[in-house]
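Dropping coords-v3.cif in here (mmCIF, C-alpha atoms):
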data_data
#
loop_
_atom_site.label_atom_id
_atom_site.label_comp_id
_atom_site.auth_asym_id
_atom_site.auth_seq_id
_atom_site.Cartn_x
_atom_site.Cartn_y
_atom_site.Cartn_z
CA MET V 172 -157.54 -83.78 16.55
CA ARG V 173 -153.86 -84.58 16.15
CA GLY V 174 -152.09 -87.92 16.19
CA ILE V 175 -152.71 -91.18 14.41
CA GLY V 176 -155.11 -92.30 17.17
CA PHE V 177 -157.88 -90.10 15.77
CA GLU V 178 -157.57 -91.51 12.24
CA TRP V 179 -157.40 -95.03 13.62
CA GLN V 180 -160.59 -94.64 15.68
CA VAL V 181 -162.51 -93.17 12.76
CA ALA V 182 -161.28 -95.86 10.33
CA VAL V 183 -162.31 -98.67 12.68
CA ARG V 184 -165.68 -97.03 13.33
CA PHE V 185 -166.42 -96.66 9.61
CA LEU V 186 -165.59 -100.34 9.07
CA ARG V 187 -167.84 -101.39 11.98
CA GLU V 188 -170.75 -99.31 10.73
CA GLY V 189 -170.54 -101.01 7.33
CA ARG V 190 -170.02 -104.38 9.00
CA PHE V 191 -171.64 -106.51 6.31
CA GLN V 192 -169.69 -105.07 3.39
CA SER V 193 -166.51 -105.05 5.49
CA VAL V 194 -166.88 -108.76 6.23
CA LEU V 195 -167.56 -109.49 2.57
CA ILE V 196 -164.48 -107.66 1.31
CA ILE V 197 -162.25 -109.17 4.01
CA ALA V 198 -163.56 -112.61 3.03
CA GLY V 199 -162.88 -111.79 -0.63
CA VAL V 200 -159.32 -110.70 0.16
CA ALA V 201 -158.82 -113.84 2.27
CA ALA V 202 -160.00 -116.05 -0.60
CA GLY V 203 -157.66 -114.30 -3.03
CA VAL V 204 -154.66 -114.56 -0.71
CA ALA V 205 -155.46 -118.22 0.04
CA VAL V 206 -155.52 -119.03 -3.67
CA VAL V 207 -152.23 -117.21 -4.28
CA ALA V 208 -150.47 -118.79 -1.29
CA TYR V 209 -151.82 -122.28 -1.97
CA ILE V 210 -150.96 -122.28 -5.67
CA SER V 211 -147.48 -120.87 -4.93
CA ALA V 212 -146.84 -123.57 -2.30
CA LEU V 213 -148.27 -126.28 -4.55
CA VAL V 214 -146.15 -125.33 -7.57
CA THR V 215 -143.05 -124.91 -5.42
CA GLY V 216 -143.56 -128.36 -3.90
CA LEU V 217 -144.28 -129.91 -7.29
CA GLN V 218 -141.18 -128.38 -8.87
CA ALA V 219 -138.99 -129.39 -5.92
CA ASN V 220 -140.31 -132.96 -6.13
CA THR V 221 -139.76 -133.07 -9.89
CA LEU V 222 -136.20 -131.77 -9.55
CA ASN V 223 -135.42 -134.20 -6.75
CA ARG V 224 -136.65 -137.13 -8.83
CA THR V 225 -134.82 -135.95 -11.95
CA LEU V 226 -131.55 -134.84 -10.36
CA GLY V 227 -131.58 -137.63 -7.79
CA ALA V 228 -129.96 -139.97 -10.30
CA GLN V 229 -127.71 -137.57 -12.20
CA ALA V 230 -125.11 -134.88 -11.69
CA HIS V 231 -125.79 -131.18 -11.99
CA VAL V 232 -122.85 -130.71 -14.37
CA VAL V 233 -120.97 -133.42 -16.34
CA LEU V 234 -117.50 -132.86 -17.79
CA SER V 235 -116.37 -135.36 -20.44
CA PRO V 236 -113.95 -135.56 -23.40
CA PRO V 237 -115.23 -134.02 -26.64
CA ASP V 238 -116.71 -136.23 -29.33
CA GLU V 239 -114.34 -137.46 -32.00
CA VAL V 240 -114.89 -135.94 -35.43
CA VAL V 241 -113.29 -136.58 -38.80
CA THR V 242 -111.73 -133.63 -40.61
CA PRO V 243 -112.57 -133.59 -44.36
CA ALA V 244 -109.63 -134.51 -46.56
CA TRP V 245 -110.14 -131.54 -48.88
CA PRO V 246 -111.53 -128.32 -47.38
CA ARG V 247 -114.07 -126.57 -49.58
CA ALA V 248 -112.75 -123.38 -51.19
CA GLY V 249 -115.44 -121.00 -52.41
CA ASP V 250 -117.71 -122.64 -55.00
CA THR V 251 -115.23 -125.41 -55.79
CA LEU V 252 -116.82 -128.84 -56.12
CA VAL V 253 -115.06 -131.36 -53.88
CA LEU V 254 -115.54 -135.03 -54.77
CA SER V 255 -115.08 -136.49 -51.30
CA GLU V 256 -117.34 -137.90 -48.63
CA THR V 257 -116.79 -137.69 -44.85
CA GLN V 258 -118.44 -140.29 -42.68
CA ALA V 259 -119.02 -139.95 -38.97
CA ARG V 260 -116.47 -141.77 -36.86
CA ALA V 261 -117.50 -144.48 -34.44
CA GLN V 262 -117.05 -143.14 -30.92
CA ARG V 263 -114.72 -144.94 -28.53
CA LEU V 264 -114.16 -144.49 -24.84
CA ARG V 265 -111.95 -141.49 -24.21
CA THR V 266 -110.60 -140.34 -20.87
CA VAL V 267 -110.16 -136.98 -19.16
CA ALA V 268 -106.48 -136.06 -19.14
CA ASN V 269 -104.87 -135.45 -15.74
CA TRP V 270 -108.22 -135.89 -14.05
CA PRO V 271 -106.98 -135.96 -10.39
CA ALA V 272 -105.61 -132.40 -10.68
CA LEU V 273 -108.72 -131.26 -12.54
CA GLN V 274 -110.94 -132.85 -9.89
CA GLN V 275 -109.16 -130.93 -7.13
CA SER V 276 -109.36 -127.68 -9.11
CA LEU V 277 -113.11 -128.09 -9.71
CA ALA V 278 -113.76 -128.99 -6.07
CA ARG V 279 -112.23 -125.65 -5.00
CA ARG V 280 -114.59 -123.62 -7.16
CA PRO V 281 -117.22 -121.58 -5.29
CA GLY V 282 -120.63 -123.24 -5.32
CA VAL V 283 -119.32 -126.75 -6.07
CA ASP V 284 -120.27 -129.20 -3.32
CA ALA V 285 -118.76 -132.40 -4.70
CA VAL V 286 -116.81 -133.77 -7.67
CA SER V 287 -116.93 -137.49 -8.47
CA PRO V 288 -114.77 -139.27 -11.09
CA MET V 289 -116.49 -141.97 -13.12
CA ALA V 290 -115.50 -144.63 -15.61
CA ALA V 291 -118.66 -145.50 -17.54
CA GLY V 292 -119.32 -147.75 -20.50
CA ALA V 293 -121.52 -150.45 -21.99
CA ALA V 294 -121.27 -154.11 -21.06
CA LEU V 295 -123.18 -157.38 -21.08
CA ALA V 296 -124.38 -158.87 -17.78
CA ARG V 297 -124.95 -162.61 -17.60
CA ARG V 298 -126.28 -165.03 -15.03
CA GLY V 299 -126.77 -168.54 -16.27
CA GLU V 300 -128.64 -168.38 -19.57
CA ALA V 301 -130.05 -164.88 -18.95
CA THR V 302 -128.23 -161.84 -20.35
CA ARG V 303 -128.89 -158.13 -20.26
CA ALA V 304 -127.19 -155.09 -21.78
CA VAL V 305 -126.03 -152.91 -18.89
CA ALA V 306 -124.23 -149.63 -18.23
CA ILE V 307 -121.13 -149.99 -16.07
CA THR V 308 -120.61 -147.13 -13.62
CA GLY V 309 -117.23 -147.21 -11.94
CA VAL V 310 -117.05 -144.76 -9.04
CA GLU V 311 -115.53 -143.97 -5.68
CA LEU V 312 -118.54 -144.74 -3.52
CA ALA V 313 -118.09 -141.97 -0.92
CA LEU V 314 -117.88 -139.27 -3.60
CA TYR V 315 -120.61 -140.73 -5.80
CA ASP V 316 -122.96 -140.90 -2.80
CA ARG V 317 -122.59 -137.13 -2.45
CA ILE V 318 -123.64 -136.68 -6.09
CA VAL V 319 -126.79 -138.83 -6.22
CA ASN V 320 -127.44 -139.51 -2.51
CA LEU V 321 -127.22 -143.25 -3.13
CA ARG V 322 -127.77 -143.98 0.57
CA ASP V 323 -131.44 -142.96 0.37
CA LYS V 324 -132.00 -145.09 -2.74
CA LEU V 325 -130.81 -148.36 -1.23
CA VAL V 326 -133.69 -150.86 -1.04
CA ASP V 327 -131.79 -154.00 -0.03
CA GLY V 328 -128.34 -155.00 1.15
CA ALA V 329 -125.67 -152.59 2.31
CA LEU V 330 -124.12 -149.46 0.87
CA ARG V 331 -120.77 -151.18 0.54
CA MET V 332 -118.58 -151.74 -2.49
CA GLY V 333 -115.37 -153.57 -1.77
CA PRO V 334 -113.17 -155.31 -4.34
CA GLY V 335 -115.24 -157.70 -6.43
CA GLU V 336 -118.57 -156.21 -5.24
CA ALA V 337 -121.23 -154.20 -7.06
CA ILE V 338 -124.53 -152.45 -6.50
CA ILE V 339 -127.18 -152.90 -9.18
CA GLY V 340 -130.66 -151.59 -10.00
CA GLN V 341 -133.58 -153.49 -8.51
CA THR V 342 -135.20 -154.04 -11.93
CA LEU V 343 -132.01 -155.59 -13.32
CA ALA V 344 -131.87 -157.86 -10.27
CA ARG V 345 -135.45 -158.98 -10.90
CA ASP V 346 -134.79 -159.56 -14.62
CA LEU V 347 -131.78 -161.78 -13.90
CA GLY V 348 -133.20 -163.42 -10.78
CA LEU V 349 -130.52 -161.95 -8.52
CA ARG V 350 -130.51 -161.30 -4.80
CA VAL V 351 -128.02 -159.70 -2.46
CA GLY V 352 -125.05 -162.05 -2.15
CA ASP V 353 -125.47 -163.62 -5.61
CA ARG V 354 -122.79 -163.35 -8.29
CA LEU V 355 -123.06 -161.63 -11.65
CA THR V 356 -120.74 -161.97 -14.65
CA VAL V 357 -120.05 -158.76 -16.59
CA SER V 358 -118.14 -158.71 -19.87
CA THR V 359 -116.94 -156.04 -22.31
CA GLY V 360 -115.51 -157.62 -25.42
CA ASP V 361 -112.57 -159.76 -24.36
CA ARG V 362 -112.62 -158.69 -20.69
CA THR V 363 -114.79 -160.38 -18.08
CA ASP V 364 -115.30 -159.92 -14.36
CA THR V 365 -117.45 -161.66 -11.77
CA LEU V 366 -119.08 -159.44 -9.17
CA ARG V 367 -120.87 -160.20 -5.93
CA ILE V 368 -124.06 -158.19 -5.40
CA SER V 369 -123.78 -156.15 -2.18
CA GLY V 370 -126.88 -153.97 -2.60
CA LEU V 371 -129.92 -153.10 -4.70
CA VAL V 372 -130.97 -149.52 -5.44
CA ASP V 373 -134.03 -147.74 -6.80
CA LEU V 374 -132.86 -144.68 -8.75
CA GLY V 375 -136.41 -143.52 -9.45
CA VAL V 376 -136.12 -144.14 -13.22
CA LYS V 377 -137.16 -147.56 -14.50
CA ASP V 378 -134.71 -147.54 -17.40
CA LEU V 379 -131.80 -146.81 -15.06
CA ASN V 380 -132.91 -149.52 -12.64
CA ARG V 381 -132.86 -151.99 -15.53
CA ARG V 382 -129.32 -151.14 -16.73
CA VAL V 383 -127.15 -149.73 -13.95
CA VAL V 384 -124.24 -151.68 -12.46
CA ILE V 385 -122.25 -149.59 -9.96
CA MET V 386 -118.80 -151.00 -9.21
CA PRO V 387 -115.46 -149.83 -7.79
CA LEU V 388 -113.61 -147.36 -10.00
CA ARG V 389 -110.47 -149.50 -10.37
CA ALA V 390 -112.49 -152.56 -11.40
CA ALA V 391 -114.40 -150.55 -14.01
CA GLN V 392 -111.16 -149.05 -15.37
CA SER V 393 -109.75 -152.52 -15.88
CA LEU V 394 -112.98 -153.89 -17.38
CA LEU V 395 -113.32 -150.96 -19.81
CA ASP V 396 -109.59 -150.96 -20.65
CA VAL V 397 -109.03 -147.37 -19.52
CA ALA V 398 -106.38 -148.12 -16.90
CA GLY V 399 -106.08 -145.19 -14.50
CA GLY V 400 -108.49 -143.02 -16.51
CA VAL V 401 -112.03 -141.75 -16.10
CA THR V 402 -114.57 -141.02 -18.80
CA GLN V 403 -116.24 -138.12 -16.99
CA LEU V 404 -116.31 -135.94 -13.88
CA ASP V 405 -119.67 -135.38 -12.19
CA LEU V 406 -120.30 -132.15 -10.28
CA ARG V 407 -122.94 -131.38 -7.68
CA LEU V 408 -123.66 -127.70 -6.95
CA ALA V 409 -125.11 -125.88 -3.98
CA ASP V 410 -127.55 -124.11 -6.33
CA VAL V 411 -128.96 -126.35 -9.06
CA TRP V 412 -129.98 -123.34 -11.15
CA ALA V 413 -126.34 -122.19 -11.36
CA ALA V 414 -125.46 -125.30 -13.39
CA ARG V 415 -125.91 -123.72 -16.83
CA SER V 416 -123.76 -120.67 -16.11
CA LEU V 417 -121.01 -122.84 -14.58
CA ALA V 418 -121.13 -125.23 -17.54
CA ASP V 419 -120.78 -122.31 -19.97
CA GLU V 420 -117.87 -120.94 -17.95
CA LEU V 421 -116.08 -124.30 -17.82
CA GLY V 422 -116.74 -124.86 -21.52
CA ARG V 423 -114.86 -121.66 -22.33
CA GLU V 424 -111.97 -122.48 -20.01
CA LEU V 425 -111.41 -126.21 -20.68
CA PRO V 426 -111.05 -128.29 -23.86
CA TYR V 427 -113.83 -130.63 -22.78
CA LYS V 428 -117.53 -131.10 -23.35
CA VAL V 429 -119.39 -129.66 -20.36
CA GLU V 430 -123.11 -130.29 -20.08
CA SER V 431 -125.51 -128.99 -17.43
CA TRP V 432 -128.64 -130.79 -16.29
CA GLN V 433 -130.69 -128.08 -18.00
CA GLU V 434 -129.22 -129.08 -21.37
CA SER V 435 -129.83 -132.79 -20.85
CA ASN V 436 -133.38 -132.13 -19.58
CA ALA V 437 -134.47 -129.32 -21.89
CA GLN V 438 -138.12 -130.37 -21.96
CA LEU V 439 -138.27 -130.46 -18.16
CA VAL V 440 -136.81 -126.95 -17.91
CA THR V 441 -139.37 -125.69 -20.44
CA ALA V 442 -142.19 -127.24 -18.40
CA LEU V 443 -140.88 -125.72 -15.15
CA ASN V 444 -140.60 -122.29 -16.77
CA ALA V 445 -144.15 -122.59 -18.10
CA GLN V 446 -145.37 -123.48 -14.60
CA THR V 447 -143.59 -120.49 -13.10
CA ILE V 448 -144.98 -118.07 -15.69
CA SER V 449 -148.51 -119.45 -15.27
CA THR V 450 -148.29 -119.14 -11.50
CA THR V 451 -147.05 -115.57 -11.78
CA LEU V 452 -149.92 -114.65 -14.11
CA ILE V 453 -152.48 -116.21 -11.75
CA ARG V 454 -151.02 -114.35 -8.78
CA GLY V 455 -151.07 -111.09 -10.71
CA VAL V 456 -154.69 -111.49 -11.83
CA VAL V 457 -155.83 -112.42 -8.31
CA MET V 458 -154.07 -109.40 -6.80
CA VAL V 459 -155.71 -107.11 -9.38
CA VAL V 460 -159.10 -108.54 -8.38
CA VAL V 461 -158.25 -107.97 -4.69
CA VAL V 462 -157.25 -104.34 -5.34
CA MET V 463 -160.40 -103.66 -7.35
CA GLY V 464 -162.57 -105.22 -4.63
CA ILE V 465 -161.03 -103.11 -1.87
CA ALA V 466 -161.24 -99.97 -4.00
CA SER V 467 -164.90 -100.54 -4.90
CA VAL V 468 -165.91 -101.06 -1.26
CA LEU V 469 -164.07 -97.93 -0.14
CA VAL V 470 -165.62 -95.89 -2.95
CA VAL V 471 -169.05 -96.95 -1.70
CA SER V 472 -167.95 -96.12 1.85
CA VAL V 473 -166.94 -92.59 0.78
CA VAL V 474 -170.36 -92.03 -0.80
CA GLN V 475 -172.15 -93.39 2.26
CA LYS V 476 -170.06 -91.36 4.72
CA GLN V 477 -170.21 -87.97 2.96
CA ARG V 478 -172.18 -86.35 5.79
CA GLU V 479 -169.84 -87.76 8.45
CA ILE V 480 -166.82 -86.61 6.45
CA GLY V 481 -168.31 -83.12 6.16
CA ILE V 482 -168.95 -82.99 9.93
CA LEU V 483 -165.39 -84.10 10.67
CA ARG V 484 -164.02 -81.42 8.34
CA ALA V 485 -166.26 -78.79 9.96
CA MET V 486 -164.94 -79.85 13.39
CA GLY V 487 -161.38 -79.23 12.29
CA ALA V 488 -160.21 -82.42 10.68
CA THR V 489 -157.67 -81.67 7.95
CA ARG V 490 -157.61 -83.10 4.44
CA ALA V 491 -154.53 -85.13 5.39
CA GLN V 492 -156.37 -86.71 8.32
CA ILE V 493 -159.35 -87.69 6.16
CA LEU V 494 -156.89 -89.10 3.62
CA ARG V 495 -155.21 -91.19 6.31
CA VAL V 496 -158.58 -92.48 7.59
CA PHE V 497 -159.34 -94.22 4.31
CA LEU V 498 -155.75 -95.33 3.77
CA LEU V 499 -155.94 -96.99 7.19
CA GLN V 500 -159.17 -98.67 6.17
CA GLY V 501 -157.43 -100.13 3.12
CA ALA V 502 -154.49 -101.28 5.26
CA LEU V 503 -156.83 -102.87 7.82
CA VAL V 504 -158.83 -104.71 5.19
CA GLY V 505 -155.64 -105.90 3.48
CA THR V 506 -154.02 -107.05 6.72
CA LEU V 507 -157.06 -108.84 8.15
CA GLY V 508 -157.87 -110.45 4.79
CA SER V 509 -154.28 -111.59 4.21
CA LEU V 510 -153.95 -113.11 7.68
CA ALA V 511 -157.23 -114.97 7.22
CA GLY V 512 -156.06 -116.03 3.75
CA VAL V 513 -152.80 -117.46 5.11
CA VAL V 514 -154.73 -119.50 7.68
CA LEU V 515 -157.11 -120.70 4.96
CA SER V 516 -154.22 -121.66 2.67
CA MET V 517 -152.62 -123.68 5.48
CA ALA V 518 -155.91 -125.52 5.91
CA MET V 519 -156.01 -126.23 2.16
CA ILE V 520 -152.43 -127.53 2.26
CA LYS V 521 -153.29 -129.76 5.20
CA ALA V 522 -156.30 -131.13 3.32
CA PHE V 523 -154.16 -131.80 0.23
CA THR V 524 -151.48 -133.72 2.14
CA THR V 525 -154.11 -135.64 4.11
CA PHE V 526 -156.55 -136.71 1.41
CA VAL V 527 -154.54 -136.69 -1.84
CA ARG V 528 -152.48 -139.89 -1.88
CA GLY V 529 -150.52 -141.88 -4.40
CA ALA V 530 -150.86 -145.55 -5.27
CA ASP V 531 -148.55 -146.42 -2.36
CA GLY V 532 -150.81 -144.64 0.13
CA LEU V 533 -148.29 -141.86 0.75
CA PRO V 534 -148.71 -138.15 -0.09
CA LEU V 535 -147.85 -137.39 -3.71
CA PHE V 536 -145.19 -134.90 -2.65
CA ALA V 537 -144.31 -132.62 0.23
CA ILE V 538 -146.03 -129.24 0.21
CA THR V 539 -145.54 -126.56 2.86
CA LEU V 540 -146.10 -122.84 3.20
CA PRO V 541 -142.71 -121.34 4.14
CA PRO V 542 -142.86 -118.44 6.63
CA GLU V 543 -141.21 -116.10 4.14
CA MET V 544 -143.90 -116.90 1.56
CA ALA V 545 -146.64 -116.20 4.12
CA LEU V 546 -145.00 -112.91 5.14
CA GLN V 547 -144.65 -111.96 1.49
CA ALA V 548 -148.37 -112.59 0.90
CA VAL V 549 -149.29 -110.44 3.92
CA GLY V 550 -146.92 -107.66 2.88
CA VAL V 551 -148.05 -107.58 -0.75
CA THR V 552 -151.72 -107.56 0.25
CA LEU V 553 -151.13 -104.77 2.76
CA VAL V 554 -149.49 -102.64 0.07
CA ALA V 555 -152.28 -103.54 -2.35
CA GLY V 556 -154.89 -102.47 0.22
CA VAL V 557 -153.22 -99.09 0.72
CA LEU V 558 -152.88 -98.54 -3.04
CA ALA V 559 -156.52 -99.53 -3.57
CA ALA V 560 -157.60 -96.98 -0.95
CA MET V 561 -155.61 -94.16 -2.54
CA ALA V 562 -158.25 -92.99 -5.03
CA PRO V 563 -161.23 -93.17 -2.60
CA ALA V 564 -159.13 -91.46 0.08
CA ARG V 565 -158.19 -88.59 -2.21
CA ARG V 566 -161.82 -88.16 -3.21
CA ALA V 567 -162.89 -88.02 0.44
CA ALA V 568 -160.13 -85.53 1.28
CA ARG V 569 -161.19 -83.18 -1.53
CA MET V 570 -164.83 -82.94 -0.33
CA ASP V 571 -166.18 -79.51 0.54
CA PRO V 572 -167.45 -79.65 4.15
CA ALA V 573 -170.50 -77.43 3.50
CA GLN V 574 -171.67 -79.38 0.48
CA ALA V 575 -171.04 -82.71 2.21
CA ILE V 576 -173.17 -81.74 5.22
CA ARG V 577 -176.06 -80.61 3.01
CA LEU V 578 -176.20 -83.99 1.25
#

Structure translated into structure tokens:
Amino acid sequence: MRGIGFEWQVAVRFLREGRFQSVLIIAGVAAGVAVVAYISALVTGLQANTLNRTLGAQAHVVLSPPDEVVTPAWPRAGDTLVLSETQARAQRLRTVANWPALQQSLARRPGVDAVSPMAAGAALARRGEATRAVAITGVELALYDRIVNLRDKLVDGALRMGPGEAIIGQTLARDLGLRVGDRLTVSTGDRTDTLRISGLVDLGVKDLNRRVVIMPLRAAQSLLDVAGGVTQLDLRLADVWAARSLADELGRELPYKVESWQESNAQLVTALNAQTISTTLIRGVVMVVVVMGIASVLVVSVVQKQREIGILRAMGATRAQILRVFLLQGALVGTLGSLAGVVLSMAMIKAFTTFVRGADGLPLFAITLPPEMALQAVGVTLVAGVLAAMAPARRAARMDPAQAIRL
């Protein structure tokens, strides 16, 4: 009775003899794995959709000049009473010094996909009698497109921005009664420029669509009176979650204010972390239930098969072989249940994408079960099945053959 073939045959036979309880526990494992895989895929898809919507209209890291502050006239010394008052200074547009060299240096950093210079400021847009407060965004279109993927957000016109042209938000166009080809007057104090609308975009945020005016960098520099300068550098990273560490690193190296998307969207990050923690807890609880279910069934199997175990021991089966029989049972239950669970989770995902629709009739967001996630679920459940079988297997291996046969 040597070789794994013997243990395999006995394990399969024991499972077949207790067919009803075997089917029940495999179904239970499948349900647990399906819940874990489906929730993991759902949360992953939801978080990816949320990040795409949030980061689709902003950079991962923004580098800008530091805020201006006023130094008190008389520094406080100990408990000395100082009769002076310091008021906050009104902020003015400041530019990044030697930005072309800094742009090239940042673009060479590992993990940085694109760096886009920007001249941004407030202005007043006017068409006829209608006026709106807007945010001027002066950019180099090719670089800015790599930051926010402007091409996919174009809803009308062309992604073109020659001299005297601009791209505006679709809500601003509706508010001012503008269409592609119309002209818009933009003014900042004593400077005014007339722009021809070349395209309309939907940035996914209503407030941005109501205010944004994207124009050539040189035109914005002239309009904002920052000739040759930029007010910020936008960075896009290969890994969005590396933004905070890179921002901290740049903040220590450069005399500028460096802000990551995590800092500007603190509430979103908190919500994403809460989702991740909740998903992890659910997965952990479900796996504990799966382990306990497998263990309970195998404990019952050991009690039911005492006579058979005693006969096998009397015929020469070793303790190690009996141990492996029940470990194989746990592995079989875990593998079959996990495979069925993956199939069930794929069916649940298909049902979600088919029947759950938004107001526009399209799926709310993309949700898929990546192969690595499916393999992870199978692997974890297989290990859980073996661990669950450990205690029943050791109990079966310790049985005295004579006493087992007499029972």

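The residues returned by the PyMOL selection byres ((chain V and resi 408) around 9) for this structure are Ala230, His231, Val232, Gly282, Val283, Asp284, Ala285, Leu406, Arg407, Ala409, Asp410, Val411, Trp412, Ala413 and Ala414 of chain V.
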
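Nearest residue to Met458 of chain V among V:Gln446, V:Thr441, V:Thr552, V:Gln547 is V:Thr552, counting only C-alpha atoms.
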
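Take the candidates V:Ala442, V:Leu330, V:Ala437, V:Ile307 and check each one against Leu379 of chain V using only C-alpha atoms; the shortest distance goes to V:Ile307.
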
Legend entry - Selected residue of minimal separation from Asp419 of chain V among V:Val233, V:Gly501, V:Gln180, V:Met386, counting all atoms listed in the file: V:Val233

Inset, instruction - For segment 207-210 of chain V, work out the shell of residues within 12 Å, counting all atoms listed in the file and skipping chain neighbours fewer than 6 positions away, then give it as a PyMOL selection string. - result: chain V and resi 200-201+216-218+446-447+449-461+509-523+538-549+551-552

Inset, instruction - Taking the file as shown, find all residues satisfying the PyMOL selection byres ((chain V and resi 273-277) around 10) and write them as a count of residues only. - result: 22

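Of the residues under consideration (V:Val305, V:Ala390, V:Ala491, V:Val183), V:Val305 shows the shortest atom-to-atom contact distance to Ala293 of chain V when counting all atoms listed in the file.
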
Legend entry - Selection near Leu321 of chain V, 9 Å with all atoms listed in the file, sequence-local residues under 2 positions removed, as JSON, numbers by chain: {"V": [227, 228, 312, 315, 316, 317, 318, 319, 323, 324, 325, 330, 372, 373, 374]}

Selection to disk with C-alpha atoms, as a PDB file, in the frame of the given file:
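Produced file result00.pdb, reproduced below:
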ATOM      1  CA  GLY V 227    -131.580-137.630  -7.790  1.00  0.00           C
ATOM      2  CA  ALA V 228    -129.960-139.970 -10.300  1.00  0.00           C
ATOM      3  CA  LEU V 312    -118.540-144.740  -3.520  1.00  0.00           C
ATOM      4  CA  TYR V 315    -120.610-140.730  -5.800  1.00  0.00           C
ATOM      5  CA  ASP V 316    -122.960-140.900  -2.800  1.00  0.00           C
ATOM      6  CA  ARG V 317    -122.590-137.130  -2.450  1.00  0.00           C
ATOM      7  CA  ILE V 318    -123.640-136.680  -6.090  1.00  0.00           C
ATOM      8  CA  VAL V 319    -126.790-138.830  -6.220  1.00  0.00           C
ATOM      9  CA  ASP V 323    -131.440-142.960   0.370  1.00  0.00           C
ATOM     10  CA  LYS V 324    -132.000-145.090  -2.740  1.00  0.00           C
ATOM     11  CA  LEU V 325    -130.810-148.360  -1.230  1.00  0.00           C
ATOM     12  CA  LEU V 330    -124.120-149.460   0.870  1.00  0.00           C
ATOM     13  CA  VAL V 372    -130.970-149.520  -5.440  1.00  0.00           C
ATOM     14  CA  ASP V 373    -134.030-147.740  -6.800  1.00  0.00           C
ATOM     15  CA  LEU V 374    -132.860-144.680  -8.750  1.00  0.00           C
TER      16      LEU V 374
END

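Using only C-alpha atoms, the smallest distance between any of V:Ala313, V:Leu366, V:Val194, V:Leu394 and Arg297 of chain V comes from V:Leu366.
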
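For Val376 of chain V, the list of residues within 9 Å, based on all atoms listed in the file and with local chain neighbours fewer than 5 positions off taken out, reads Arg224, Thr225, Ala228 and Arg381 of chain V.
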
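Note that atom CA of Ala219 of chain V and atom CA of Glu311 of chain V are 27.6 Å apart.
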
Inset, instruction - Counting all atoms listed in the file, find the residues whose atoms lie at most 12 Å from (-116.0, -152.4, -21.7) (file coordinates) and write them out as an MDAnalysis selection string. - result: chainID V and resid 263:265 290:296 304:309 357:364 390:398 402

Inset, instruction - Return as an MDAnalysis selection string the set of residues that the PyMOL selection byres ((chain V and resi 349) around 12) yields on the displayed structure. - result: chainID V and resid 296:299 301 327 338:348 350:356 366:371

Legend entry - Point-to-point distance in Å for atom CA of Thr266 of chain V and atom CA of Asn380 of chain V: 25.5 Å
